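Take a look at the structure set out below.
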Amino acid sequence: HEQLVESGGGSVQPGGSLTLSCEVSANTYSRNYIGWFRQVPGKEREGVAIIGGGRTYYVDSVKGRFTISQDNAKNTLNLQMNSLKLEDTAMYYCAAERLPWYGDSCPRSGNEYNYWGQGTQVTVSS
(Lines give C-alpha, C1' and ligand atoms only; values in the text may rest on other atoms or scores of the structure.)
Protein backbone atom coordinates (compact mmCIF):
# COMPACT_ATOMS: atom_id res chain seq x y z
CA HIS A 1 0.00 0.00 0.00
CA GLU A 2 1.47 3.31 -1.14
CA GLN A 3 1.18 6.01 1.49
CA LEU A 4 2.62 9.45 2.18
CA VAL A 5 1.61 11.43 5.26
CA GLU A 6 2.70 15.04 5.73
CA SER A 7 2.97 16.92 9.01
CA GLY A 8 4.53 20.07 10.39
CA GLY A 9 2.50 22.78 8.72
CA GLY A 10 1.16 25.74 10.63
CA SER A 11 1.09 29.50 10.93
CA VAL A 12 4.23 31.57 11.27
CA GLN A 13 5.27 35.20 10.94
CA PRO A 14 7.47 36.39 8.08
CA GLY A 15 11.08 35.48 8.77
CA GLY A 16 10.09 32.46 10.80
CA SER A 17 10.85 28.80 10.25
CA LEU A 18 8.94 25.56 9.89
CA THR A 19 9.96 21.98 9.25
CA LEU A 20 7.66 19.75 7.21
CA SER A 21 7.94 15.99 7.42
CA CYS A 22 6.55 13.28 5.17
CA GLU A 23 6.34 9.72 6.42
CA VAL A 24 6.51 7.37 3.46
CA SER A 25 5.54 3.71 3.29
CA ALA A 26 8.45 1.44 2.43
CA ASN A 27 7.34 0.61 -1.08
CA THR A 28 6.66 4.27 -1.85
CA TYR A 29 10.03 5.27 -0.44
CA SER A 30 11.61 3.06 -3.09
CA ARG A 31 10.40 5.50 -5.73
CA ASN A 32 13.53 7.17 -7.04
CA TYR A 33 12.22 10.72 -7.11
CA ILE A 34 10.56 12.26 -4.09
CA GLY A 35 9.86 15.84 -3.22
CA TRP A 36 7.71 18.71 -2.05
CA PHE A 37 5.18 20.62 -4.08
CA ARG A 38 2.93 23.50 -3.12
CA GLN A 39 -0.30 24.95 -4.42
CA VAL A 40 -2.39 28.03 -3.79
CA PRO A 41 -5.98 28.34 -5.00
CA GLY A 42 -6.18 29.30 -8.63
CA LYS A 43 -2.59 28.42 -9.43
CA GLU A 44 -0.86 25.30 -10.70
CA ARG A 45 0.93 23.01 -8.31
CA GLU A 46 4.60 24.04 -8.12
CA GLY A 47 7.61 21.83 -7.53
CA VAL A 48 9.44 23.33 -4.55
CA ALA A 49 12.21 20.87 -3.68
CA ILE A 50 12.81 17.46 -5.19
CA ILE A 51 15.51 14.88 -4.64
CA GLY A 52 16.46 11.87 -6.72
CA GLY A 53 18.82 10.52 -9.35
CA GLY A 54 21.74 11.94 -7.38
CA ARG A 55 20.40 15.45 -7.83
CA THR A 56 18.49 18.01 -5.81
CA TYR A 57 16.19 20.62 -7.32
CA TYR A 58 14.91 23.81 -5.72
CA VAL A 59 12.62 26.32 -7.34
CA ASP A 60 14.44 29.65 -7.57
CA SER A 61 12.17 31.39 -5.08
CA VAL A 62 13.25 29.10 -2.21
CA LYS A 63 16.96 28.63 -2.95
CA GLY A 64 19.05 29.44 0.09
CA ARG A 65 16.02 29.31 2.40
CA PHE A 66 14.64 25.76 2.10
CA THR A 67 16.50 22.48 2.53
CA ILE A 68 15.19 19.06 1.56
CA SER A 69 16.55 15.99 3.30
CA GLN A 70 15.87 12.29 3.68
CA ASP A 71 16.04 10.17 6.80
CA ASN A 72 16.40 6.74 5.26
CA ALA A 73 16.26 4.98 8.64
CA LYS A 74 12.77 6.42 9.21
CA ASN A 75 11.56 6.51 5.57
CA THR A 76 10.96 10.22 6.08
CA LEU A 77 11.35 13.20 3.79
CA ASN A 78 11.84 16.58 5.45
CA LEU A 79 11.69 20.18 4.29
CA GLN A 80 13.37 22.77 6.49
CA MET A 81 11.92 26.17 5.64
CA ASN A 82 13.72 29.27 6.95
CA SER A 83 13.20 32.98 6.37
CA LEU A 84 9.63 32.34 5.37
CA LYS A 85 7.88 34.95 3.25
CA LEU A 86 4.24 35.82 2.74
CA GLU A 87 4.40 34.25 -0.71
CA ASP A 88 5.37 30.88 0.76
CA THR A 89 1.79 30.52 1.99
CA ALA A 90 0.35 27.42 0.33
CA MET A 91 -0.76 23.84 0.79
CA TYR A 92 2.38 21.73 0.73
CA TYR A 93 2.32 18.19 -0.63
CA CYS A 94 4.79 15.36 -0.57
CA ALA A 95 4.99 13.26 -3.76
CA ALA A 96 6.97 10.30 -5.04
CA GLU A 97 7.41 8.40 -8.29
CA ARG A 98 9.72 5.99 -10.07
CA LEU A 99 10.92 7.71 -13.24
CA PRO A 100 13.76 7.35 -15.73
CA TRP A 101 16.90 9.19 -14.71
CA TYR A 102 16.39 12.88 -15.35
CA GLY A 103 19.97 13.87 -15.95
CA ASP A 104 21.26 17.00 -14.26
CA SER A 105 17.96 17.98 -12.68
CA CYS A 106 14.79 16.41 -11.29
CA PRO A 107 11.30 16.08 -12.74
CA ARG A 108 9.47 19.07 -11.35
CA SER A 109 6.01 18.83 -12.89
CA GLY A 110 3.32 17.47 -10.62
CA ASN A 111 1.90 15.64 -13.63
CA GLU A 112 4.84 13.24 -13.52
CA TYR A 113 4.04 12.03 -9.98
CA ASN A 114 1.32 9.56 -9.12
CA TYR A 115 1.82 9.15 -5.37
CA TRP A 116 0.73 12.06 -3.18
CA GLY A 117 0.09 12.87 0.43
CA GLN A 118 -2.98 14.73 1.65
CA GLY A 119 -1.12 18.01 2.14
CA THR A 120 -0.26 20.27 5.06
CA GLN A 121 -1.08 23.97 5.16
CA VAL A 122 1.64 26.57 5.64
CA THR A 123 0.47 30.10 6.36
CA VAL A 124 2.89 33.00 6.64
CA SER A 125 1.25 36.16 7.90
CA SER A 126 2.02 39.16 10.05
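Every chain in the C-alpha coordinates has a letter given in the order shown (A, B, ...), and although residue numbers restart at 1 in each chain, ligands are simply numbered from 1 in the order shown.
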(request) Write out as number ranges by chain which residues come within 6 Å of segment 65-80 of chain A when counting only C-alpha atoms, dropping same-chain ones fewer than 6 positions away. (result) A: 19-24
(message) For the alpha helix (DSSP H) assignment from backbone DSSP, which residues of segment 3-100 of chain A qualify? Please present them as a PyMOL selection string.
(response) chain A and resi 26-29
Store the residues picked out above, limited to N, CA, C and O atoms, as a PDB file, in the first residue's frame.
```pdb
ATOM      1  N   ALA A  26       7.195   1.981   2.947  1.00  0.00           N
ATOM      2  CA  ALA A  26       8.451   1.437   2.431  1.00  0.00           C
ATOM      3  C   ALA A  26       8.434   1.295   0.917  1.00  0.00           C
ATOM      4  O   ALA A  26       9.399   1.648   0.238  1.00  0.00           O
ATOM      5  N   ASN A  27       7.343   0.811   0.363  1.00  0.00           N
ATOM      6  CA  ASN A  27       7.340   0.611  -1.083  1.00  0.00           C
ATOM      7  C   ASN A  27       7.262   1.931  -1.831  1.00  0.00           C
ATOM      8  O   ASN A  27       7.762   2.043  -2.947  1.00  0.00           O
ATOM      9  N   THR A  28       6.676   2.948  -1.215  1.00  0.00           N
ATOM     10  CA  THR A  28       6.662   4.269  -1.849  1.00  0.00           C
ATOM     11  C   THR A  28       8.036   4.911  -1.749  1.00  0.00           C
ATOM     12  O   THR A  28       8.479   5.607  -2.659  1.00  0.00           O
ATOM     13  N   TYR A  29       8.704   4.693  -0.632  1.00  0.00           N
ATOM     14  CA  TYR A  29      10.032   5.274  -0.439  1.00  0.00           C
ATOM     15  C   TYR A  29      11.012   4.754  -1.466  1.00  0.00           C
ATOM     16  O   TYR A  29      12.027   5.387  -1.747  1.00  0.00           O
TER      17      TYR A  29
END
```
(request) Find the distance between atom CA of Ser126 of chain A and atom CA of Val5 of chain A and write it in Å to one decimal. (result)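 Those two atoms sit 28.1 Å apart.
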(request) List every residue of segment 5-107 of chain A that DSSP, applied to the backbone of this structure, assigns to strand (DSSP E or B), and report them as a count of residues only. (result) 51
(request) Could you tell me which of A:Ser25, A:Ser125, A:Thr89, A:Asn82 comes closest to Val40 of chain A if we count only C-alpha atoms? (result) A:Thr89
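Here the question is which of A:Tyr57, A:Tyr33, A:Tyr102, A:Trp116 gets nearest to Leu4 of chain A using only C-alpha atoms, and that residue is A:Trp116.
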(request) Determine, counting only C-alpha atoms, which protein, DNA and RNA residues have an atom within 12 Å of an atom of Arg45 of chain A; residues of the same chain fewer than 4 positions away are not included. Present the result as a PyMOL selection string. (result) chain A and resi 36-41+90-95+108-113+119
